[in-house]
>>> print(open('upload_36.cif').read())   # mmCIF, C-alpha atoms
data_input
loop_
_atom_site.group_PDB
_atom_site.id
_atom_site.type_symbol
_atom_site.label_atom_id
_atom_site.label_comp_id
_atom_site.auth_asym_id
_atom_site.auth_seq_id
_atom_site.Cartn_x
_atom_site.Cartn_y
_atom_site.Cartn_z
ATOM 1 C CA GLN M 100 89.288 -119.218 -195.755
ATOM 2 C CA VAL M 101 88.521 -119.311 -192.055
ATOM 3 C CA GLN M 102 84.849 -118.957 -191.207
ATOM 4 C CA LEU M 103 83.048 -118.961 -187.877
ATOM 5 C CA VAL M 104 79.267 -118.756 -188.046
ATOM 6 C CA GLU M 105 77.258 -118.374 -184.847
ATOM 7 C CA SER M 106 73.587 -119.225 -184.539
ATOM 8 C CA GLY M 107 70.960 -119.912 -181.918
ATOM 9 C CA GLY M 108 70.483 -116.483 -180.400
ATOM 10 C CA GLY M 109 67.121 -114.899 -179.788
ATOM 11 C CA LEU M 110 64.731 -113.448 -177.255
ATOM 12 C CA VAL M 111 64.167 -115.473 -174.084
ATOM 13 C CA GLN M 112 62.494 -114.784 -170.759
ATOM 14 C CA PRO M 113 64.509 -114.651 -167.543
ATOM 15 C CA GLY M 114 65.149 -118.164 -166.289
ATOM 16 C CA GLY M 115 64.998 -119.587 -169.779
ATOM 17 C CA SER M 116 67.587 -121.420 -171.849
ATOM 18 C CA LEU M 117 69.287 -121.106 -175.205
ATOM 19 C CA ARG M 118 71.934 -123.113 -176.987
ATOM 20 C CA LEU M 119 74.352 -121.258 -179.221
ATOM 21 C CA SER M 120 76.297 -122.973 -181.976
ATOM 22 C CA CYS M 121 79.426 -121.892 -183.819
ATOM 23 C CA ALA M 122 80.131 -123.741 -187.047
ATOM 24 C CA ALA M 123 83.769 -123.576 -188.113
ATOM 25 C CA SER M 124 85.429 -124.106 -191.463
ATOM 26 C CA GLY M 125 88.680 -123.350 -193.232
ATOM 27 C CA PHE M 126 91.027 -124.673 -190.557
ATOM 28 C CA ILE M 127 91.768 -127.824 -188.562
ATOM 29 C CA PHE M 128 89.084 -127.287 -185.947
ATOM 30 C CA GLY M 129 90.166 -130.111 -183.653
ATOM 31 C CA ALA M 130 93.633 -128.620 -183.250
ATOM 32 C CA PHE M 131 92.554 -125.388 -181.566
ATOM 33 C CA ALA M 132 91.022 -124.219 -178.337
ATOM 34 C CA MET M 133 87.782 -122.313 -178.820
ATOM 35 C CA THR M 134 86.225 -119.505 -176.840
ATOM 36 C CA TRP M 135 82.926 -117.680 -176.477
ATOM 37 C CA TYR M 136 82.871 -113.947 -175.786
ATOM 38 C CA ARG M 137 80.037 -111.512 -175.344
ATOM 39 C CA GLN M 138 79.576 -107.784 -175.632
ATOM 40 C CA ALA M 139 76.717 -105.895 -174.041
ATOM 41 C CA PRO M 140 75.741 -102.385 -175.179
ATOM 42 C CA GLY M 141 78.200 -99.827 -173.863
ATOM 43 C CA LYS M 142 80.479 -102.462 -172.379
ATOM 44 C CA GLU M 143 83.730 -104.088 -173.376
ATOM 45 C CA ARG M 144 83.796 -107.530 -174.911
ATOM 46 C CA GLU M 145 84.323 -110.162 -172.227
ATOM 47 C CA LEU M 146 85.379 -113.784 -172.169
ATOM 48 C CA VAL M 147 82.513 -116.102 -171.261
ATOM 49 C CA ALA M 148 83.888 -119.624 -171.687
ATOM 50 C CA ALA M 149 86.783 -121.544 -173.189
ATOM 51 C CA ILE M 150 87.396 -125.147 -174.154
ATOM 52 C CA THR M 151 90.592 -126.950 -175.076
ATOM 53 C CA HIS M 152 91.108 -128.519 -178.489
ATOM 54 C CA SER M 153 90.056 -131.960 -177.245
ATOM 55 C CA GLY M 154 87.247 -130.719 -175.049
ATOM 56 C CA GLY M 155 88.958 -132.144 -172.008
ATOM 57 C CA SER M 156 89.146 -128.886 -170.093
ATOM 58 C CA THR M 157 86.859 -125.889 -169.817
ATOM 59 C CA ASN M 158 86.881 -122.519 -168.086
ATOM 60 C CA TYR M 159 84.155 -120.008 -167.340
ATOM 61 C CA ALA M 160 83.717 -116.443 -166.266
ATOM 62 C CA ASP M 161 82.541 -116.236 -162.673
ATOM 63 C CA SER M 162 79.323 -114.582 -163.819
ATOM 64 C CA VAL M 163 78.212 -117.672 -165.766
ATOM 65 C CA LYS M 164 79.661 -120.554 -163.744
ATOM 66 C CA GLY M 165 77.048 -123.154 -162.959
ATOM 67 C CA ARG M 166 74.663 -121.777 -165.594
ATOM 68 C CA PHE M 167 76.553 -122.035 -168.906
ATOM 69 C CA THR M 168 78.264 -125.050 -170.439
ATOM 70 C CA ILE M 169 80.706 -124.979 -173.328
ATOM 71 C CA SER M 170 81.178 -128.111 -175.412
ATOM 72 C CA ARG M 171 82.416 -129.113 -178.831
ATOM 73 C CA ASP M 172 81.933 -131.764 -181.464
ATOM 74 C CA ASN M 173 85.146 -132.070 -183.461
ATOM 75 C CA ALA M 174 83.478 -134.387 -185.955
ATOM 76 C CA LYS M 175 81.008 -131.598 -186.770
ATOM 77 C CA ASN M 176 83.505 -128.715 -186.476
ATOM 78 C CA THR M 177 81.133 -127.034 -184.054
ATOM 79 C CA VAL M 178 81.408 -125.489 -180.609
ATOM 80 C CA TYR M 179 78.347 -124.940 -178.442
ATOM 81 C CA LEU M 180 77.324 -122.782 -175.528
ATOM 82 C CA GLN M 181 74.410 -124.084 -173.497
ATOM 83 C CA MET M 182 72.971 -121.233 -171.470
ATOM 84 C CA ASN M 183 70.541 -121.978 -168.636
ATOM 85 C CA SER M 184 68.916 -119.824 -165.969
ATOM 86 C CA LEU M 185 69.397 -116.786 -168.161
ATOM 87 C CA LYS M 186 69.333 -113.344 -166.570
ATOM 88 C CA PRO M 187 68.705 -109.914 -168.103
ATOM 89 C CA GLU M 188 72.390 -109.119 -167.575
ATOM 90 C CA ASP M 189 73.260 -111.936 -169.994
ATOM 91 C CA THR M 190 71.843 -109.798 -172.806
ATOM 92 C CA ALA M 191 74.637 -109.269 -175.317
ATOM 93 C CA VAL M 192 75.989 -110.207 -178.703
ATOM 94 C CA TYR M 193 77.789 -113.530 -178.354
ATOM 95 C CA TYR M 194 80.847 -114.338 -180.458
ATOM 96 C CA CYS M 195 82.997 -117.391 -180.925
ATOM 97 C CA LYS M 196 86.702 -116.957 -181.442
ATOM 98 C CA PHE M 197 89.927 -118.866 -181.855
ATOM 99 C CA ARG M 198 93.551 -117.867 -182.102
ATOM 100 C CA ARG M 199 96.051 -119.181 -184.602
ATOM 101 C CA PHE M 200 99.622 -117.925 -184.932
ATOM 102 C CA ASP M 201 98.826 -114.821 -182.864
ATOM 103 C CA ASN M 202 95.858 -113.956 -185.086
ATOM 104 C CA ASP M 203 92.345 -113.872 -183.637
ATOM 105 C CA TYR M 204 89.444 -115.043 -185.770
ATOM 106 C CA TRP M 205 85.914 -113.986 -184.840
ATOM 107 C CA GLY M 206 82.466 -114.883 -185.975
ATOM 108 C CA GLN M 207 79.844 -112.258 -186.808
ATOM 109 C CA GLY M 208 78.028 -112.749 -183.516
ATOM 110 C CA THR M 209 74.515 -113.716 -182.493
ATOM 111 C CA GLN M 210 72.222 -111.541 -180.386
ATOM 112 C CA VAL M 211 70.883 -112.887 -177.108
ATOM 113 C CA THR M 212 68.207 -110.831 -175.381
ATOM 114 C CA VAL M 213 66.869 -111.833 -171.978
ATOM 115 C CA SER M 214 63.708 -109.919 -171.165
ATOM 116 C CA SER M 215 60.205 -110.439 -169.936
#
>>> encode(input="upload_36.cif", output="structure tokens")
Amino acid sequence: QVQLVESGGGLVQPGGSLRLSCAASGFIFGAFAMTWYRQAPGKERELVAAITHSGGSTNYADSVKGRFTISRDNAKNTVYLQMNSLKPEDTAVYYCKFRRFDNDYWGQGTQVTVSS
């Protein structure tokens, strides 16, 4: 069955960095675009970054452009989110997701807290 397992979250001070990972299984990972979303308390889930199946193209929310980098390793069935210059407003649960045949598959999420 399809599984997406995020890891790498934690508590970090403003200005710090974290790298999130999303390990995928149960589907042909290299055939699908992958995305990272986040949801802060009391807010709607929002798209953070996306990457095409080959990794050749990426897109970012304006709020993270220049600070976050999405990448993937198709040999390891893993997508990453490198987060630099973190701000308190980046605090959220981060999820990876992909869509197949009009069905969305989500991981369980990993908490990122940016606080001094």
>>> residues_around(input="upload_36.cif", residues="Val163 (chain M)", least_positions_apart="5", cutoff="10 Å", atoms="only C-alpha atoms", output="JSON, numbers by chain")
{"M": [147, 148, 168, 182, 183, 184, 185, 186, 189]}
>>> closest_residue(input="upload_36.cif", among="M:Pro187, M:Gly109, M:Gly141, M:Gly129", to="Lys175 (chain M)", atoms="only C-alpha atoms")
M:Gly129
>>> resolve_selection(input="upload_36.cif", expression="the PyMOL selection byres ((chain M and resi 152) around 8)", output="list in words")
Phe128, Gly129, Ala130, Phe131, Ala132, Met133, Ile150, Thr151, Ser153, Gly154 and Gly155 of chain M
>>> resolve_selection(input="upload_36.cif", expression="the PyMOL selection byres ((chain M and resi 213) around 6)", output="ChimeraX atom specification")
/M:110-113,187,190,212,214
>>> atom_distance(input="upload_36.cif", atom1="CA of Gln102 (chain M)", atom2="CA of Arg137 (chain M)")
18.2 Å
>>> atom_distance(input="upload_36.cif", atom1="CA of Val211 (chain M)", atom2="CA of Arg171 (chain M)")
20.0 Å
>>> atom_distance(input="upload_36.cif", atom1="CA of Arg166 (chain M)", atom2="CA of Arg144 (chain M)")
19.3 Å
>>> closest_residue(input="upload_36.cif", among="M:Val192, M:Ala149, M:Val104, M:Ala139", to="Lys164 (chain M)", atoms="only C-alpha atoms")
M:Ala149
>>> residues_around(input="upload_36.cif", residues="Gln207 (chain M)", least_positions_apart="5", cutoff="12 Å", atoms="all atoms listed in the file", output="ChimeraX atom specification")
/M:102-106,121-122,136-137,192-196
>>> resolve_selection(input="upload_36.cif", expression="the PyMOL selection byres ((chain M and resi 118) around 7)", output="ChimeraX atom specification")
/M:107,116-117,119-120,179-182
>>> closest_residue(input="upload_36.cif", among="M:Ser215, M:Ser156, M:Gln138, M:Ser124", to="Asn173 (chain M)", atoms="only C-alpha atoms")
M:Ser124
>>> closest_residue(input="upload_36.cif", among="M:Gln100, M:Gly108, M:Gln210, M:Arg198", to="Thr134 (chain M)", atoms="all atoms listed in the file")
M:Arg198
>>> axis_aligned_box(input="upload_36.cif", around="region 102-117 of chain M", padding_each_side="6 Å", output="JSON")
{"center_x": 73.7, "center_y": -117.4, "center_z": -178.7, "size_x": 34.4, "size_y": 20.0, "size_z": 36.9}
